[in-house]
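Q: Sending over a structure as structure tokens; questions will come in a sec.
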Amino acid sequence: MNSRFHVRDRVFRGRRTKPASPGYAPARPAGGSASRPPEPSVPGDVPEGTLAHPLTRGTDPVTIDTMTWDQPEKTAAYFVPGRRNLLIDAGSARSAATLVRALEELDVRRLDFIALTHIHPDQAGGAGYLADRFPEATFLVHPDGAGHVADPSRLIKAMKAMGGDRTVELFGEPTAVGSDRIRPVADGETVDLGDRRLEAIATPGHTAAHLAWLDHRTDSLFCGDALGVRVPGSRVVRPATPPSDFCHEQALDSIERLRRTGAAQVFRAHFGPDVGSLDQSCDRAAETLERWLDSYLAKCDHAEDAEDLTRRFNATLEANLEPVGPAVRRSLELISPTWLNLAGLSEERSRPHGYSDAA
């Protein structure tokens with residue numbers, strides 16, 4: 001159902017580029033800075049009634065590996081073709097050039113919409129760079145996240161507070177998108193691509209300002225981080241519970257809300273089209289979230305300090321929670337590190353409502 005593209009040296013594995021059709025910009029060779037995409041070319045109008053590029057004449061979404069941290073199969077963006085086209089998520093600021101080159105290799109000359117699932121740096125950090133490259137694109141953002149896309153200064157401050165300057169080095173520094181190009185999108189609103197429509201689904205939990213997107217033509221569900229993290233080669237799902245506004249109860253509610261969409265295919269931000277049915281994806285997400293919380297609370301009862309808590313939790317993680325090989329564990333730790341998830345669980349526990357019911 002889905003076409004996948006890997007960029008840089010892994011570009012378009014197993015697939016050749018077709019010649020550009022008349023009226024479309026030819027693909028440029030891969031290359032350029034890893035922190036800044038190529039300068040914008042002059043946009044042109046897409047002929048009415050045609051798709052946005054010749055390689056995806058069908059209706060299926062296209063998976064683009066953004067090569068976050070210069071590693072494959074860690075973070076995905078999704079191109080949705082239509083009479084008007086749309087990109088799901090913008091990648092990080094550091095991977096923006098990679099994403100732009102992948103779109104150019106697809107002969108995408110313009111983007112009508114860029115829909116963000118949420119504003120964390122691995123999904124939205126590249127928004128400002130894509131805004132420069134695709135000046136016609138409208139950004140579709142949760143209302144509570146729109147201001148941060150227009151002015152990412154607080155996001156940059158939060159990145160530095162979480163991991164110091166190293167975090168900015170890893171993800172790149174987000175740049176602003178003009179407020180006149182940002183359209184806040186509330187729960188249930190739709191975007192019309194001419195031959196299909198996408199519906200925004202409020203899915204708080206991983207973060208409060210989180211949206212999933214449902215393509216009603218193909219029954220494709222782009223869930224962002226609402227169903228956790230899964231890497232190719234493993235069926236294990238790891239929850240994503242980072243600070244500063246993770247909410248366990250909302251996360252479970254959002255999983256059930258996504259279940260009720262009845263989608264035929266799930267596409268994760270980390271990484272790619274999911275294996276199995278929607279019910280299976282939701283079951284795994286809910287189960288692993290509950291198991292992590294139960295284990296965390298049990299360790300809190302005995303840990304002497306945060307360091308001891310992390311040590312105890314990691315021991316349980318390797319023995320029981322995640323029976324995976326070293327390569328998969330390294331990938332999971334890179335995408336959704338244990339220490340960050342524990343920090344989010346700890347922060348929620350310190351709020352007034354805490355985990356009294358769960359405990």
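Quick note on naming: the chains in the structure tokens go A, B, ... in the order shown, residues restart at 1 in each chain, and ligands are numbered from 1 in order of appearance.
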Counting only C-alpha atoms, which residues of region 141-225 of chain A fall within 8 Å of region 62-84 of chain A, and what is the closest atom pair for each with its distance in Å at one decimal, ordered by chain and rising number, as JSON lines?

A:
```
{"residue": "A:Leu170", "atom": "CA", "partner": "A:Trp69", "partner_atom": "CA", "distance": 6.5}
{"residue": "A:Phe171", "atom": "CA", "partner": "A:Trp69", "partner_atom": "CA", "distance": 7.5}
{"residue": "A:Asp192", "atom": "CA", "partner": "A:Arg84", "partner_atom": "CA", "distance": 7.9}
{"residue": "A:Leu193", "atom": "CA", "partner": "A:Arg84", "partner_atom": "CA", "distance": 4.6}
{"residue": "A:Gly194", "atom": "CA", "partner": "A:Arg83", "partner_atom": "CA", "distance": 5.3}
{"residue": "A:Asp195", "atom": "CA", "partner": "A:Gly82", "partner_atom": "CA", "distance": 6.1}
{"residue": "A:Arg196", "atom": "CA", "partner": "A:Gly82", "partner_atom": "CA", "distance": 7.0}
```

Q: Would you list the contacts of Gln123 (chain A) as a PyMOL selection string, taking every protein, DNA or RNA residue within 9 Å and counting only C-alpha atoms, but skipping same-chain residues closer than 5 positions in sequence?

A: chain A and resi 75-77+88-92+116-118+224+269

Q: Please produce, as JSON lines, a per-residue contact table for region 199-246 of chain A versus region 173-187 of chain A (criterion: any atom at most 7 Å away, only C-alpha atoms considered), showing the nearest atom pair and its distance in Å to one decimal, sorted by chain then residue number.

A:
```
{"residue": "A:Ala200", "atom": "CA", "partner": "A:Asp187", "partner_atom": "CA", "distance": 5.5}
{"residue": "A:Ile201", "atom": "CA", "partner": "A:Asp187", "partner_atom": "CA", "distance": 5.1}
{"residue": "A:Ala202", "atom": "CA", "partner": "A:Asp187", "partner_atom": "CA", "distance": 5.0}
```

Q: Taking only C-alpha atoms into account, name the residue in A:Ala264, A:Val191, A:Ala240, A:Ala146 that is nearest to Ser220 (chain A).

A: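 Nearest candidate to Ser220 (chain A) out of A:Ala264, A:Val191, A:Ala240, A:Ala146: A:Ala264.
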
Q: Which residues, written as a list in words, have at least one atom at most 9 Å from region 330-336 of chain A, with only C-alpha atoms counted and residues fewer than 5 positions away on the same chain left out?

A: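 Residues meeting the cut-off are Glu73, Lys74, Thr75, Gly228, Val229, Arg230, Val231, Arg238, Pro239, Ala240, Thr241, Pro242, His270, Gly325 and Asn341 of chain A.
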
Q: Run DSSP on the backbone and tell me which residues of region 153-253 of chain A come out as strand (DSSP E or B); list them as a PyMOL selection string.

A: chain A and resi 182-184+190-192+197-202+211-215+220-224+229+238

Q: Based on DSSP run over this structure's backbone, return all residues of region 121-266 of chain A in alpha helix (DSSP H), as an NGL selection string.

A: :A and (121-124 or 127-133 or 146-150 or 153-163 or 165-171 or 248-259)

Q: To one decimal place in Å, what is the distance between CA of Gly262 (chain A) and CA of Leu214 (chain A)?

A: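 Computing it gives 10.1 Å between the two atoms.
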